[in-house]
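J.: Structure incoming, see below.
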Amino acid sequence: MKIIFSTLPRATLLIASLLLTGCAGTRNTSDPFEPINRSIYRFNDSVDQAVIKPAARGYNNVMPAVGKIMVNNFISNLDDVLVTANDLLQFKFSQAASDGARVLFNSTFGVFGLIDVAHRLEKHNEDFGQTLGYWGLDSGPYLVLPILGPSTLRDASGLYVDSLASVPSNTHHIPTRNQYYALNGIHTRAMLLDKEEVLDEAVLDRYEFIRDSYILRRKNLVYDGNLPRARYDEWEE
C-alpha cells in the first residue's frame, strides 16, 4: 500500500515525532507504541478494505498479464535508481555497477524500463533505511504509518530521504506524478492479494505477525542475509 503523495513523507515524520512524545505502556521492546500502532493499523485496514483492495481486484481483472509485467518492470527500473545510489552510500561498488547497468540498459534498450532487457543482472534491494542501518543506526521503535503501513523510526526517515531523491518526486508535472503513485500502490496491492488469503488462514493476530515479519526482514536486508550471531557470554554475565 505504498501510495506516496507529494506531501505524505513530511506528514510521516510529524506523526513519528508525535509518537515519540506520546509513549504509553510498553508491551513489546521493539513496539513501545503498540496501542497507537494498532489503531493506525485498523485505520489502514479499513481504508484498504473500502478503497485499495477493491481497486486492486479491478486492476487484476482488467489488466492483462503482459501489462502487469510491463508495469512491474517500469516501477522496478525507477526503484533501481535509488538502489544504485544506496549501493554507493554503502560502498558496495560492484553491486552499484550491476544495478547502474540495469538502469542504463532498461531505460534505453528496454523502452524506459517497460522491458527488463537486463534480467540476467541480479536486482538488489537497497534503500536509505538500510543505508542508515549499514552504518550502525539502530532501527528504533516499530511504527505503523498511515496508508504506508509497517515501518520503524529509522526506516520512516529513510523513506523520507528516498522520496525526495526519487524520480517521481522530482517529476514536476503533478498529475503524472500522482498517477504514478496511484498505479504503484494499486499494482503492489494487487500482487499481494493471493498471499493475503494464505495469511488470513495461517495466523491468529495479523498485526503481530506483520510486525515481527517486517522487523526480521528488515534486519536480514541490512545485514544482506548474514545476521550477527548472538553473544551468549553477555547473557551469562
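Letters for chains follow the order of the C-alpha cells (A, B, ...), residue numbers begin at 1 for each chain, and ligand numbers begin at 1 in the order shown.
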List every residue of range 52-199 of chain A that DSSP, applied to the backbone of this structure, assigns to helix (DSSP H, G or I), and report them as a PyMOL selection string.
T.: chain A and resi 52-62+65-89+93-108+128-134+153-165+174-191+193-199
J.: Find the residues near range 163-174 of chain A: any atom within 7 Å, counting only C-alpha atoms, skip ones fewer than 3 places away on the same chain, and give them as an mmCIF file with C-alpha atoms, in the first residue's frame.
T.:
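Final file, part.cif:
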```
data_model
loop_
_atom_site.group_PDB
_atom_site.id
_atom_site.type_symbol
_atom_site.label_atom_id
_atom_site.label_comp_id
_atom_site.auth_asym_id
_atom_site.auth_seq_id
_atom_site.Cartn_x
_atom_site.Cartn_y
_atom_site.Cartn_z
ATOM 1 C CA SER A 6 3.965 14.560 -2.564
ATOM 2 C CA LEU A 78 12.732 3.586 -11.218
ATOM 3 C CA LEU A 82 17.591 4.642 -5.709
ATOM 4 C CA LEU A 159 11.650 6.658 3.274
ATOM 5 C CA TYR A 160 11.517 10.441 3.506
ATOM 6 C CA ARG A 177 3.422 12.113 -10.600
ATOM 7 C CA ASN A 178 0.216 11.317 -8.714
#
```
J.: Measuring between only C-alpha atoms, which one of A:Asp162, A:Asp116, A:Asp99, A:Asp224 shows the shortest distance to Met70 in chain A?
T.: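 Among the listed residues, A:Asp116 lies closest to Met70 in chain A.
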J.: Name the closest residue to Asn125 in chain A among the candidates A:Asn86, A:Gly149, A:Val198, A:Asn106; distances are taken between atoms, counting only C-alpha atoms.
T.: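 Selected residue with least distance to Asn125 in chain A: A:Asn86.
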J.: Excluding Asp138 in chain A and any residue of its chain fewer than 4 positions from it, enumerate the residues within 12 Å of it, using only C-alpha atoms, and give them as a list in words.
T.: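 Non-adjacent residues within range: Ser30, Gly129, Gln130, Thr131, Leu132, Gly133, Tyr134, Tyr142, Thr152, Leu153, Arg154, Asp155, Ile215, Arg218, Lys219 and Val222 of chain A.
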J.: Excluding Val71 in chain A and its own-chain neighbours fewer than 3 positions away, which residues fall within 12 Å of it when counting only C-alpha atoms? Please give them as number ranges by chain.
T.: A: 59, 63-68, 74-78, 112-116, 180, 183-188, 190-191
J.: Hey, what does DSSP flag as strand (DSSP E or B) within range 109-156 of chain A? Can you give it to me as a list in words?
T.: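 The strand (DSSP E or B) residues within range 109-156 of chain A come out as Tyr142, Leu143, Val144, Leu145, Gly149, Pro150, Ser151 and Thr152 of chain A.
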J.: Include N, CA and C atoms and write out the residues we just selected as a CSV table (one decimal), in the first residue's frame.
T.:
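Output contents, as saved in again_10.csv:
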```
chain,number,residue,atom,x,y,z
A,142,TYR,N,9.2,0.3,16.4
A,142,TYR,CA,8.3,-0.1,15.3
A,142,TYR,C,7.2,1.0,15.2
A,143,LEU,N,6.9,1.3,14.0
A,143,LEU,CA,5.8,2.3,13.7
A,143,LEU,C,4.9,1.7,12.6
A,144,VAL,N,3.6,2.0,12.7
A,144,VAL,CA,2.7,1.8,11.6
A,144,VAL,C,2.3,3.1,11.1
A,145,LEU,N,2.7,3.4,9.8
A,145,LEU,CA,2.4,4.7,9.2
A,145,LEU,C,1.1,4.7,8.5
A,149,GLY,N,1.8,1.8,6.0
A,149,GLY,CA,2.0,0.5,6.7
A,149,GLY,C,3.2,0.4,7.6
A,150,PRO,N,3.7,-0.8,7.8
A,150,PRO,CA,4.8,-1.1,8.7
A,150,PRO,C,6.1,-0.4,8.4
A,151,SER,N,6.7,0.1,9.5
A,151,SER,CA,8.0,0.8,9.3
A,151,SER,C,8.7,0.8,10.7
A,152,THR,N,9.7,1.6,10.8
A,152,THR,CA,10.4,1.9,12.1
A,152,THR,C,10.8,3.3,12.0
```
J.: Please produce, as a Markdown table, a per-residue contact table for range 40-107 of chain A versus range 200-214 of chain A (criterion: any atom at most 12 Å away, only C-alpha atoms considered), showing the nearest atom pair and its distance in Å to one decimal, sorted by chain then residue number.
T.:
```
| residue | atom | partner | partner_atom | distance |
| --- | --- | --- | --- | --- |
| A:Ile40 | CA | A:Tyr207 | CA | 10.7 |
| A:Tyr41 | CA | A:Tyr207 | CA | 7.4 |
| A:Arg42 | CA | A:Tyr207 | CA | 9.1 |
| A:Asn44 | CA | A:Tyr207 | CA | 11.4 |
| A:Asp45 | CA | A:Tyr207 | CA | 10.3 |
```
J.: Between CA of Arg120 in chain A and CA of Ser98 in chain A, what distance in Å does the model show, to one decimal?
T.: 10.1 Å
J.: Quick one: residues within 9 Å of Phe43 in chain A, only C-alpha atoms, excluding same-chain residues fewer than 5 positions away - as a PyMOL selection string?
T.: chain A and resi 38+48+146-147
J.: Find, counting only C-alpha atoms, the residue in A:Gly225, A:Leu104, A:Trp135, A:Val62 that gets nearest to Gln90 in chain A.
T.: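 When distances to Gln90 in chain A are compared using only C-alpha atoms, the smallest one comes from A:Trp135.
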